[in-house]
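Structure file data31.cif (mmCIF, C-alpha atoms) follows.
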```
data_model
loop_
_atom_site.group_PDB
_atom_site.id
_atom_site.type_symbol
_atom_site.label_atom_id
_atom_site.label_comp_id
_atom_site.auth_asym_id
_atom_site.auth_seq_id
_atom_site.Cartn_x
_atom_site.Cartn_y
_atom_site.Cartn_z
ATOM 1 C CA MET A 1 66.236 -19.938 -18.177
ATOM 2 C CA THR A 2 62.548 -20.736 -17.875
ATOM 3 C CA GLU A 3 60.289 -17.762 -18.441
ATOM 4 C CA LEU A 4 58.882 -16.316 -15.213
ATOM 5 C CA HIS A 5 55.236 -15.440 -14.635
ATOM 6 C CA LYS A 6 53.403 -13.540 -11.934
ATOM 7 C CA GLY A 7 52.488 -15.922 -9.133
ATOM 8 C CA ASP A 8 55.290 -18.401 -9.832
ATOM 9 C CA SER A 9 56.559 -19.642 -6.500
ATOM 10 C CA PHE A 10 59.845 -21.287 -5.588
ATOM 11 C CA THR A 11 61.004 -22.856 -2.375
ATOM 12 C CA LEU A 12 63.967 -24.749 -0.965
ATOM 13 C CA PRO A 13 63.653 -27.805 1.270
ATOM 14 C CA PRO A 14 63.883 -26.678 4.930
ATOM 15 C CA LYS A 15 67.466 -26.096 6.112
ATOM 16 C CA HIS A 16 68.382 -27.404 9.554
ATOM 17 C CA VAL A 17 70.431 -24.682 11.223
ATOM 18 C CA THR A 18 72.652 -26.653 13.573
ATOM 19 C CA GLN A 19 75.441 -25.248 15.748
ATOM 20 C CA ASP A 20 77.820 -27.041 13.424
ATOM 21 C CA MET A 21 76.404 -25.202 10.409
ATOM 22 C CA ILE A 22 76.656 -21.887 12.272
ATOM 23 C CA ASN A 23 80.248 -22.623 13.289
ATOM 24 C CA ARG A 24 81.180 -23.467 9.700
ATOM 25 C CA TYR A 25 79.472 -20.300 8.508
ATOM 26 C CA ALA A 26 81.368 -18.265 11.127
ATOM 27 C CA ASP A 27 84.654 -19.693 9.843
ATOM 28 C CA ALA A 28 83.769 -19.188 6.185
ATOM 29 C CA ALA A 29 82.551 -15.632 6.638
ATOM 30 C CA GLU A 30 85.264 -14.922 9.232
ATOM 31 C CA ASP A 31 82.647 -13.662 11.670
ATOM 32 C CA HIS A 32 83.133 -15.200 15.107
ATOM 33 C CA ASN A 33 80.796 -13.050 17.159
ATOM 34 C CA PRO A 34 80.166 -15.014 20.396
ATOM 35 C CA LEU A 35 76.420 -14.525 20.050
ATOM 36 C CA HIS A 36 76.647 -17.087 17.247
ATOM 37 C CA ILE A 37 79.282 -19.525 18.451
ATOM 38 C CA ASP A 38 79.580 -19.314 22.261
ATOM 39 C CA PRO A 39 76.553 -20.958 23.957
ATOM 40 C CA ASP A 40 77.649 -19.861 27.458
ATOM 41 C CA PHE A 41 77.861 -16.226 26.405
ATOM 42 C CA ALA A 42 74.739 -16.381 24.257
ATOM 43 C CA ARG A 43 72.670 -17.714 27.170
ATOM 44 C CA THR A 44 73.306 -14.422 28.989
ATOM 45 C CA THR A 45 71.819 -12.343 26.159
ATOM 46 C CA ARG A 46 68.212 -11.523 25.331
ATOM 47 C CA PHE A 47 68.255 -14.419 22.853
ATOM 48 C CA GLY A 48 68.758 -17.109 25.518
ATOM 49 C CA GLY A 49 71.184 -19.090 23.353
ATOM 50 C CA THR A 50 73.162 -18.969 20.157
ATOM 51 C CA ILE A 51 71.497 -17.672 17.033
ATOM 52 C CA ALA A 52 72.460 -17.877 13.376
ATOM 53 C CA HIS A 53 74.073 -15.017 11.516
ATOM 54 C CA GLY A 54 71.224 -13.208 9.746
ATOM 55 C CA MET A 55 73.103 -13.523 6.473
ATOM 56 C CA LEU A 56 73.014 -17.303 6.787
ATOM 57 C CA SER A 57 69.262 -17.212 6.207
ATOM 58 C CA ALA A 58 69.846 -14.610 3.507
ATOM 59 C CA ALA A 59 72.240 -17.102 1.926
ATOM 60 C CA PHE A 60 69.362 -19.565 1.610
ATOM 61 C CA LEU A 61 67.429 -16.897 -0.287
ATOM 62 C CA GLN A 62 70.439 -16.251 -2.454
ATOM 63 C CA GLU A 63 70.689 -19.957 -3.291
ATOM 64 C CA LEU A 64 67.036 -19.891 -4.311
ATOM 65 C CA LEU A 65 67.464 -16.715 -6.367
ATOM 66 C CA MET A 66 70.409 -18.269 -8.214
ATOM 67 C CA GLN A 67 68.104 -21.147 -9.106
ATOM 68 C CA VAL A 68 65.437 -18.731 -10.309
ATOM 69 C CA PHE A 69 67.609 -16.205 -12.179
ATOM 70 C CA GLY A 70 70.913 -17.967 -12.882
ATOM 71 C CA GLU A 71 73.748 -15.641 -13.896
ATOM 72 C CA ALA A 72 71.371 -12.687 -14.121
ATOM 73 C CA TRP A 73 71.166 -12.752 -10.335
ATOM 74 C CA VAL A 74 74.875 -12.068 -10.061
ATOM 75 C CA ALA A 75 74.931 -9.635 -12.983
ATOM 76 C CA ASN A 76 72.084 -7.333 -11.977
ATOM 77 C CA GLY A 77 70.304 -8.626 -8.861
ATOM 78 C CA GLU A 78 68.935 -6.391 -6.112
ATOM 79 C CA ILE A 79 67.747 -7.583 -2.737
ATOM 80 C CA SER A 80 66.198 -5.915 0.262
ATOM 81 C CA ILE A 81 65.585 -7.840 3.463
ATOM 82 C CA ASN A 82 64.292 -7.198 6.945
ATOM 83 C CA PHE A 83 65.275 -9.377 9.854
ATOM 84 C CA MET A 84 61.960 -10.100 11.585
ATOM 85 C CA ALA A 85 63.046 -12.583 14.238
ATOM 86 C CA PRO A 86 66.227 -14.406 15.204
ATOM 87 C CA VAL A 87 66.961 -17.913 13.950
ATOM 88 C CA HIS A 88 67.850 -20.043 16.961
ATOM 89 C CA THR A 89 70.240 -22.936 16.771
ATOM 90 C CA GLY A 90 68.274 -26.054 15.866
ATOM 91 C CA ASP A 91 65.621 -24.202 13.864
ATOM 92 C CA PHE A 92 64.531 -25.316 10.414
ATOM 93 C CA VAL A 93 64.400 -22.456 7.910
ATOM 94 C CA THR A 94 62.420 -22.526 4.691
ATOM 95 C CA ALA A 95 63.232 -19.973 1.984
ATOM 96 C CA GLU A 96 60.464 -19.059 -0.430
ATOM 97 C CA ALA A 97 60.185 -16.606 -3.334
ATOM 98 C CA THR A 98 57.087 -15.642 -5.318
ATOM 99 C CA VAL A 99 56.981 -13.506 -8.453
ATOM 100 C CA PHE A 100 54.714 -10.526 -7.802
ATOM 101 C CA ALA A 101 55.666 -8.017 -10.509
ATOM 102 C CA ILE A 102 57.186 -7.978 -13.956
ATOM 103 C CA LYS A 103 57.828 -4.469 -15.224
ATOM 104 C CA GLU A 104 59.620 -3.937 -18.500
ATOM 105 C CA ASP A 105 62.305 -6.591 -18.163
ATOM 106 C CA ARG A 106 62.745 -6.596 -14.384
ATOM 107 C CA VAL A 107 61.173 -9.453 -12.433
ATOM 108 C CA THR A 108 60.455 -8.835 -8.738
ATOM 109 C CA LEU A 109 59.825 -11.523 -6.144
ATOM 110 C CA ARG A 110 58.588 -11.365 -2.582
ATOM 111 C CA LEU A 111 60.855 -13.297 -0.258
ATOM 112 C CA THR A 112 60.285 -14.978 3.061
ATOM 113 C CA CYS A 113 62.219 -17.232 5.333
ATOM 114 C CA THR A 114 60.058 -18.975 7.912
ATOM 115 C CA ASN A 115 60.996 -21.232 10.790
ATOM 116 C CA GLN A 116 59.461 -24.583 11.728
ATOM 117 C CA GLU A 117 56.646 -22.794 13.577
ATOM 118 C CA GLY A 118 55.726 -20.798 10.484
ATOM 119 C CA LYS A 119 57.135 -17.611 12.024
ATOM 120 C CA LYS A 120 58.666 -15.214 9.508
ATOM 121 C CA VAL A 121 62.347 -14.689 10.279
ATOM 122 C CA ILE A 122 63.132 -12.691 7.127
ATOM 123 C CA SER A 123 60.891 -10.827 4.747
ATOM 124 C CA GLY A 124 62.028 -8.948 1.713
ATOM 125 C CA LYS A 125 62.047 -8.633 -2.009
ATOM 126 C CA ALA A 126 64.482 -9.205 -4.813
ATOM 127 C CA SER A 127 64.586 -8.430 -8.483
ATOM 128 C CA ALA A 128 66.683 -9.083 -11.528
ATOM 129 C CA ILE A 129 66.543 -8.682 -15.288
ATOM 130 C CA PRO A 130 66.724 -12.154 -16.831
ATOM 131 C CA LEU A 131 69.549 -12.533 -19.363
ATOM 132 C CA ALA A 132 68.852 -13.653 -22.907
ATOM 133 C CA ASP A 133 70.046 -17.241 -23.351
ATOM 134 C CA MET B 1 76.978 0.622 22.778
ATOM 135 C CA THR B 2 78.762 3.832 21.791
ATOM 136 C CA GLU B 3 76.409 6.594 20.672
ATOM 137 C CA LEU B 4 76.301 7.034 16.905
ATOM 138 C CA HIS B 5 76.575 10.352 15.085
ATOM 139 C CA LYS B 6 75.989 11.440 11.513
ATOM 140 C CA GLY B 7 79.192 10.989 9.530
ATOM 141 C CA ASP B 8 80.599 8.237 11.761
ATOM 142 C CA SER B 9 82.327 5.744 9.527
ATOM 143 C CA PHE B 10 83.276 2.125 10.143
ATOM 144 C CA THR B 11 85.319 -0.272 8.090
ATOM 145 C CA LEU B 12 86.715 -3.793 8.240
ATOM 146 C CA PRO B 13 90.227 -4.729 7.176
ATOM 147 C CA PRO B 14 90.114 -5.995 3.547
ATOM 148 C CA LYS B 15 88.999 -9.627 3.252
ATOM 149 C CA HIS B 16 90.907 -11.829 0.831
ATOM 150 C CA VAL B 17 88.317 -13.882 -1.039
ATOM 151 C CA THR B 18 90.201 -17.054 -1.891
ATOM 152 C CA GLN B 19 88.785 -20.156 -3.578
ATOM 153 C CA ASP B 20 89.210 -21.869 -0.222
ATOM 154 C CA MET B 21 87.041 -19.238 1.494
ATOM 155 C CA ILE B 22 84.409 -19.582 -1.240
ATOM 156 C CA ASN B 23 84.451 -23.389 -0.933
ATOM 157 C CA ARG B 24 84.031 -23.180 2.834
ATOM 158 C CA TYR B 25 81.204 -20.695 2.388
ATOM 159 C CA ALA B 26 79.542 -23.019 -0.152
ATOM 160 C CA ASP B 27 79.698 -25.858 2.369
ATOM 161 C CA ALA B 28 78.468 -23.726 5.250
ATOM 162 C CA ALA B 29 75.595 -22.182 3.326
ATOM 163 C CA GLU B 30 74.961 -25.477 1.488
ATOM 164 C CA ASP B 31 75.090 -23.662 -1.847
ATOM 165 C CA HIS B 32 77.318 -25.514 -4.296
ATOM 166 C CA ASN B 33 76.473 -23.694 -7.519
ATOM 167 C CA PRO B 34 79.333 -24.520 -9.941
ATOM 168 C CA LEU B 35 79.728 -20.841 -10.814
ATOM 169 C CA HIS B 36 81.290 -20.511 -7.348
ATOM 170 C CA ILE B 37 83.216 -23.747 -6.909
ATOM 171 C CA ASP B 38 83.985 -25.259 -10.332
ATOM 172 C CA PRO B 39 86.735 -23.284 -12.122
ATOM 173 C CA ASP B 40 86.369 -25.298 -15.351
ATOM 174 C CA PHE B 41 82.664 -24.585 -15.580
ATOM 175 C CA ALA B 42 83.009 -20.975 -14.427
ATOM 176 C CA ARG B 43 85.547 -20.247 -17.163
ATOM 177 C CA THR B 44 82.833 -20.939 -19.742
ATOM 178 C CA THR B 45 80.513 -18.274 -18.279
ATOM 179 C CA ARG B 46 80.432 -14.531 -18.787
ATOM 180 C CA PHE B 47 82.444 -14.192 -15.567
ATOM 181 C CA GLY B 48 85.536 -15.961 -16.933
ATOM 182 C CA GLY B 49 86.201 -17.796 -13.669
ATOM 183 C CA THR B 50 84.718 -18.531 -10.268
ATOM 184 C CA ILE B 51 83.091 -15.734 -8.356
ATOM 185 C CA ALA B 52 82.059 -15.436 -4.724
ATOM 186 C CA HIS B 53 78.484 -15.877 -3.578
ATOM 187 C CA GLY B 54 77.060 -12.344 -3.342
ATOM 188 C CA MET B 55 75.987 -13.038 0.219
ATOM 189 C CA LEU B 56 79.604 -13.651 1.191
ATOM 190 C CA SER B 57 80.308 -9.952 0.666
ATOM 191 C CA ALA B 58 77.025 -9.177 2.373
ATOM 192 C CA ALA B 59 78.306 -11.267 5.289
ATOM 193 C CA PHE B 60 81.222 -8.863 5.635
ATOM 194 C CA LEU B 61 78.728 -6.002 5.915
ATOM 195 C CA GLN B 62 76.789 -7.994 8.478
ATOM 196 C CA GLU B 63 79.926 -8.508 10.552
ATOM 197 C CA LEU B 64 80.517 -4.763 10.462
ATOM 198 C CA LEU B 65 76.899 -3.982 11.371
ATOM 199 C CA MET B 66 77.109 -6.349 14.346
ATOM 200 C CA GLN B 67 80.116 -4.339 15.507
ATOM 201 C CA VAL B 68 78.225 -1.085 15.049
ATOM 202 C CA PHE B 69 74.832 -2.082 16.472
ATOM 203 C CA GLY B 70 75.440 -5.202 18.582
ATOM 204 C CA GLU B 71 72.297 -7.125 19.510
ATOM 205 C CA ALA B 72 70.094 -4.379 18.061
ATOM 206 C CA TRP B 73 71.222 -5.471 14.613
ATOM 207 C CA VAL B 74 69.718 -8.908 15.148
ATOM 208 C CA ALA B 75 66.673 -7.597 16.989
ATOM 209 C CA ASN B 76 65.506 -4.945 14.526
ATOM 210 C CA GLY B 77 68.011 -4.530 11.665
ATOM 211 C CA GLU B 78 67.009 -3.833 8.068
ATOM 212 C CA ILE B 79 69.313 -4.041 5.091
ATOM 213 C CA SER B 80 68.960 -3.351 1.412
ATOM 214 C CA ILE B 81 71.765 -4.153 -1.003
ATOM 215 C CA ASN B 82 72.453 -4.021 -4.718
ATOM 216 C CA PHE B 83 75.015 -6.246 -6.345
ATOM 217 C CA MET B 84 76.995 -3.850 -8.545
ATOM 218 C CA ALA B 85 79.737 -6.150 -9.820
ATOM 219 C CA PRO B 86 80.893 -9.702 -9.214
ATOM 220 C CA VAL B 87 83.626 -10.526 -6.713
ATOM 221 C CA HIS B 88 86.187 -12.690 -8.483
ATOM 222 C CA THR B 89 88.229 -15.297 -6.688
ATOM 223 C CA GLY B 90 91.371 -13.645 -5.344
ATOM 224 C CA ASP B 91 89.786 -10.228 -4.895
ATOM 225 C CA PHE B 92 90.156 -8.230 -1.686
ATOM 226 C CA VAL B 93 86.853 -6.825 -0.429
ATOM 227 C CA THR B 94 86.543 -3.913 1.969
ATOM 228 C CA ALA B 95 83.253 -3.354 3.786
ATOM 229 C CA GLU B 96 82.438 0.175 4.903
ATOM 230 C CA ALA B 97 79.462 1.776 6.632
ATOM 231 C CA THR B 98 78.805 5.472 7.251
ATOM 232 C CA VAL B 99 76.003 6.957 9.335
ATOM 233 C CA PHE B 100 73.985 9.310 7.141
ATOM 234 C CA ALA B 101 70.696 9.716 8.993
ATOM 235 C CA ILE B 102 69.347 9.471 12.510
ATOM 236 C CA LYS B 103 65.564 9.834 12.642
ATOM 237 C CA GLU B 104 63.751 9.343 15.893
ATOM 238 C CA ASP B 105 65.618 6.328 17.212
ATOM 239 C CA ARG B 106 66.523 4.659 13.916
ATOM 240 C CA VAL B 107 70.099 5.025 12.710
ATOM 241 C CA THR B 108 70.709 4.541 8.973
ATOM 242 C CA LEU B 109 74.057 3.855 7.361
ATOM 243 C CA ARG B 110 75.170 3.830 3.748
ATOM 244 C CA LEU B 111 77.038 0.637 2.921
ATOM 245 C CA THR B 112 79.624 -0.202 0.344
ATOM 246 C CA CYS B 113 81.873 -3.121 -0.446
ATOM 247 C CA THR B 114 84.717 -2.245 -2.767
ATOM 248 C CA ASN B 115 87.361 -4.433 -4.363
ATOM 249 C CA GLN B 116 91.121 -3.849 -4.492
ATOM 250 C CA GLU B 117 90.665 -1.555 -7.521
ATOM 251 C CA GLY B 118 88.207 0.636 -5.647
ATOM 252 C CA LYS B 119 85.306 -0.691 -7.720
ATOM 253 C CA LYS B 120 82.019 -0.909 -5.850
ATOM 254 C CA VAL B 121 80.805 -4.513 -5.722
ATOM 255 C CA ILE B 122 77.897 -3.862 -3.338
ATOM 256 C CA SER B 123 76.089 -0.694 -2.413
ATOM 257 C CA GLY B 124 73.232 -0.436 -0.003
ATOM 258 C CA LYS B 125 71.935 0.832 3.259
ATOM 259 C CA ALA B 126 71.091 -0.573 6.638
ATOM 260 C CA SER B 127 69.366 0.685 9.718
ATOM 261 C CA ALA B 128 68.616 -0.355 13.260
ATOM 262 C CA ILE B 129 67.269 1.104 16.466
ATOM 263 C CA PRO B 130 70.024 0.914 19.092
ATOM 264 C CA LEU B 131 68.978 -0.905 22.267
ATOM 265 C CA ALA B 132 69.196 0.742 25.648
ATOM 266 C CA ASP B 133 72.118 -0.759 27.589
#
```
Could you spell out this file's structure in structure tokens?
Amino acid sequence: MTELHKGDSFTLPPKHVTQDMINRYADAAEDHNPLHIDPDFARTTRFGGTIAHGMLSAAFLQELLMQVFGEAWVANGEISINFMAPVHTGDFVTAEATVFAIKEDRVTLRLTCTNQEGKKVISGKASAIPLAD
Amino acid sequence: MTELHKGDSFTLPPKHVTQDMINRYADAAEDHNPLHIDPDFARTTRFGGTIAHGMLSAAFLQELLMQVFGEAWVANGEISINFMAPVHTGDFVTAEATVFAIKEDRVTLRLTCTNQEGKKVISGKASAIPLAD
């Protein structure tokens, strides 16, 4: 693994959250809440249409953290996230992580997911202790 | 939504984490790290075989929290989780949430995911402010 330094920043290309992606996620995670997969129902809610499972955006962060930390992420990772705003079907979500602290061996990153309007949909932080190669 | 009280506990039936479920999750979340989907590669790692994406177990918690909080979970939910141990392909994962604090309007639950041996694979907490009906 590359050594990490304060200020290092990592990002994924924007993910297009289509209804198809949400439906596949619902099947994979076995979570078929109609708010996510039933447009007619979802239109009647405060969200005005289907929205992604929050953990779908968190999954983008996880993908990024696996790139940053490798196996250490699975072995000793910690993550804390707040859902700031819903991700609507059709949105583009960009996951970003920036190293802001390295204390003893643990590396901590600030996390954000933003939509195509630059609105934060998730904020959080994650840390892990990199493994020796 | 039903009113929540300290000590209320919620659980999902155990989820069987098959390679097929992991593959579908990898497609849905667009995260094809070989540690999750390539048994030959995964055997060479410290995990000895494929493991689930950590966020797949987190997705089980999310499903449970949607049952507990409904739309409030999406509107104002917060979650913090630690990955305690990997979920190996074939494991059964049980998600559980117990109310341990209600402060002003915010309800906080302790979260665990355990495997079929009772080993904790995720611990954490989550909170949300229930919405008026």
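Shortest separation to A:Ile22 among A:Glu78, A:Asp91, A:Glu63, A:Asp40 occurs at residue A:Asp91, atoms counted being all atoms listed in the file.
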So what does the PyMOL selection byres ((chain A) within 7 of (chain B)) actually pick up in this one, as a short mmCIF file (atom, residue, chain, number, x, y, z; two decimals) with C-alpha atoms, in the coordinates of the input?
```cif
data_model
loop_
_atom_site.label_atom_id
_atom_site.label_comp_id
_atom_site.auth_asym_id
_atom_site.auth_seq_id
_atom_site.Cartn_x
_atom_site.Cartn_y
_atom_site.Cartn_z
CA MET A 21 76.40 -25.20 10.41
CA ARG A 24 81.18 -23.47 9.70
CA TYR A 25 79.47 -20.30 8.51
CA ALA A 28 83.77 -19.19 6.18
CA ALA A 29 82.55 -15.63 6.64
CA ASP A 31 82.65 -13.66 11.67
CA MET A 55 73.10 -13.52 6.47
CA LEU A 56 73.01 -17.30 6.79
CA ALA A 59 72.24 -17.10 1.93
CA PHE A 60 69.36 -19.57 1.61
CA GLN A 62 70.44 -16.25 -2.45
CA GLU A 63 70.69 -19.96 -3.29
CA VAL A 74 74.88 -12.07 -10.06
CA ALA A 75 74.93 -9.64 -12.98
CA ASN A 76 72.08 -7.33 -11.98
CA GLY A 77 70.30 -8.63 -8.86
CA GLU A 78 68.94 -6.39 -6.11
CA ILE A 79 67.75 -7.58 -2.74
CA SER A 80 66.20 -5.92 0.26
CA ILE A 81 65.58 -7.84 3.46
CA ASN A 82 64.29 -7.20 6.94
CA PHE A 83 65.28 -9.38 9.85
CA MET A 84 61.96 -10.10 11.58
CA ALA A 85 63.05 -12.58 14.24
CA PRO A 86 66.23 -14.41 15.20
#
```
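In this structure, atom CA of A:Thr94 sits 7.9 Å away from atom CA of A:Gln116.
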**Request:** For A:Gly49, work out the shell of residues within 12 Å, counting only C-alpha atoms and skipping chain neighbours fewer than 6 positions away, then give it as a ChimeraX atom specification.
**Result:** /A:19,34-43,86-90
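Residues selected in this file by the PyMOL selection byres ((chain B and resi 11) around 10) comprise Ser9, Phe10, Leu12, Pro13, Pro14, Phe60, Leu61, Leu64, Leu65, Gln67, Val68, Thr94, Ala95, Glu96, Ala97, Thr98, Leu111, Thr112 and Cys113 of chain B.
Computed from the coordinates, the atom CA of B:Val99 to atom CA of B:His5 distance equals 6.7 Å.
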**Asked** Near B:Val107, counting only C-alpha atoms, which residues have an atom at most 7 Å away, once you skip same-chain residues fewer than 6 positions from it, shown as a ChimeraX atom specification?
**Response** /B:101,127-129
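Atom CA of B:Thr18 to atom CA of B:Gly48 spans 15.8 Å [interatomic distance, one decimal].
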As AutoDock Vina command-line options: centre and edge lengths in Å, one decimal, of the axis-aligned box holding stretch 34-46 of chain B with 8 Å per side:
```
--center_x 83.0 --center_y -19.9 --center_z -13.3 --size_x 23.4 --size_y 26.8 --size_z 28.8
```
**Message:** Here's the selection I'm unsure about, the PyMOL selection byres ((chain B and resi 131) around 6); applied to the file above, which residues does it give, as a list in words?
**Reply:** Ala72, Pro130 and Ala132 of chain B
Atom completion result for stretch 11-31 of chain B (N, CA and C atoms) as a PDB file, keeping the file's coordinate frame:
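Listing of rebuild-v9.pdb after writing:
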```pdb
ATOM      1  N   THR B  11      84.831   0.569   9.179  1.00  0.00           N
ATOM      2  CA  THR B  11      85.319  -0.272   8.090  1.00  0.00           C
ATOM      3  C   THR B  11      85.981  -1.520   8.650  1.00  0.00           C
ATOM      4  N   LEU B  12      85.988  -2.574   7.876  1.00  0.00           N
ATOM      5  CA  LEU B  12      86.715  -3.793   8.240  1.00  0.00           C
ATOM      6  C   LEU B  12      88.017  -3.831   7.453  1.00  0.00           C
ATOM      7  N   PRO B  13      89.039  -4.471   7.994  1.00  0.00           N
ATOM      8  CA  PRO B  13      90.227  -4.729   7.176  1.00  0.00           C
ATOM      9  C   PRO B  13      89.812  -5.516   5.933  1.00  0.00           C
ATOM     10  N   PRO B  14      90.482  -5.287   4.779  1.00  0.00           N
ATOM     11  CA  PRO B  14      90.114  -5.995   3.547  1.00  0.00           C
ATOM     12  C   PRO B  14      90.114  -7.510   3.752  1.00  0.00           C
ATOM     13  N   LYS B  15      89.100  -8.162   3.176  1.00  0.00           N
ATOM     14  CA  LYS B  15      88.999  -9.627   3.252  1.00  0.00           C
ATOM     15  C   LYS B  15      89.494 -10.209   1.942  1.00  0.00           C
ATOM     16  N   HIS B  16      90.383 -11.178   2.026  1.00  0.00           N
ATOM     17  CA  HIS B  16      90.907 -11.829   0.831  1.00  0.00           C
ATOM     18  C   HIS B  16      89.986 -12.995   0.488  1.00  0.00           C
ATOM     19  N   VAL B  17      89.305 -12.881  -0.648  1.00  0.00           N
ATOM     20  CA  VAL B  17      88.317 -13.882  -1.039  1.00  0.00           C
ATOM     21  C   VAL B  17      89.006 -14.952  -1.884  1.00  0.00           C
ATOM     22  N   THR B  18      89.505 -15.955  -1.211  1.00  0.00           N
ATOM     23  CA  THR B  18      90.201 -17.054  -1.891  1.00  0.00           C
ATOM     24  C   THR B  18      89.203 -18.131  -2.317  1.00  0.00           C
ATOM     25  N   GLN B  19      89.652 -19.022  -3.196  1.00  0.00           N
ATOM     26  CA  GLN B  19      88.785 -20.156  -3.578  1.00  0.00           C
ATOM     27  C   GLN B  19      88.476 -21.003  -2.343  1.00  0.00           C
ATOM     28  N   ASP B  20      89.447 -21.091  -1.446  1.00  0.00           N
ATOM     29  CA  ASP B  20      89.210 -21.869  -0.222  1.00  0.00           C
ATOM     30  C   ASP B  20      88.092 -21.239   0.615  1.00  0.00           C
ATOM     31  N   MET B  21      88.117 -19.909   0.742  1.00  0.00           N
ATOM     32  CA  MET B  21      87.041 -19.238   1.494  1.00  0.00           C
ATOM     33  C   MET B  21      85.683 -19.479   0.818  1.00  0.00           C
ATOM     34  N   ILE B  22      85.666 -19.377  -0.505  1.00  0.00           N
ATOM     35  CA  ILE B  22      84.409 -19.582  -1.240  1.00  0.00           C
ATOM     36  C   ILE B  22      83.915 -21.024  -1.057  1.00  0.00           C
ATOM     37  N   ASN B  23      84.842 -21.979  -1.117  1.00  0.00           N
ATOM     38  CA  ASN B  23      84.451 -23.389  -0.933  1.00  0.00           C
ATOM     39  C   ASN B  23      83.881 -23.616   0.462  1.00  0.00           C
ATOM     40  N   ARG B  24      84.523 -23.018   1.458  1.00  0.00           N
ATOM     41  CA  ARG B  24      84.031 -23.180   2.834  1.00  0.00           C
ATOM     42  C   ARG B  24      82.659 -22.524   2.979  1.00  0.00           C
ATOM     43  N   TYR B  25      82.511 -21.369   2.346  1.00  0.00           N
ATOM     44  CA  TYR B  25      81.204 -20.695   2.388  1.00  0.00           C
ATOM     45  C   TYR B  25      80.136 -21.551   1.710  1.00  0.00           C
ATOM     46  N   ALA B  26      80.490 -22.158   0.572  1.00  0.00           N
ATOM     47  CA  ALA B  26      79.542 -23.019  -0.152  1.00  0.00           C
ATOM     48  C   ALA B  26      79.092 -24.180   0.730  1.00  0.00           C
ATOM     49  N   ASP B  27      80.043 -24.755   1.466  1.00  0.00           N
ATOM     50  CA  ASP B  27      79.698 -25.858   2.369  1.00  0.00           C
ATOM     51  C   ASP B  27      78.809 -25.359   3.507  1.00  0.00           C
ATOM     52  N   ALA B  28      79.194 -24.230   4.078  1.00  0.00           N
ATOM     53  CA  ALA B  28      78.468 -23.726   5.250  1.00  0.00           C
ATOM     54  C   ALA B  28      77.052 -23.323   4.874  1.00  0.00           C
ATOM     55  N   ALA B  29      76.916 -22.659   3.742  1.00  0.00           N
ATOM     56  CA  ALA B  29      75.595 -22.182   3.326  1.00  0.00           C
ATOM     57  C   ALA B  29      74.863 -23.245   2.515  1.00  0.00           C
ATOM     58  N   GLU B  30      75.536 -24.384   2.285  1.00  0.00           N
ATOM     59  CA  GLU B  30      74.961 -25.477   1.488  1.00  0.00           C
ATOM     60  C   GLU B  30      74.520 -24.991   0.107  1.00  0.00           C
ATOM     61  N   ASP B  31      75.373 -24.206  -0.513  1.00  0.00           N
ATOM     62  CA  ASP B  31      75.090 -23.662  -1.847  1.00  0.00           C
ATOM     63  C   ASP B  31      76.291 -23.953  -2.739  1.00  0.00           C
TER      64      ASP B  31
END
```
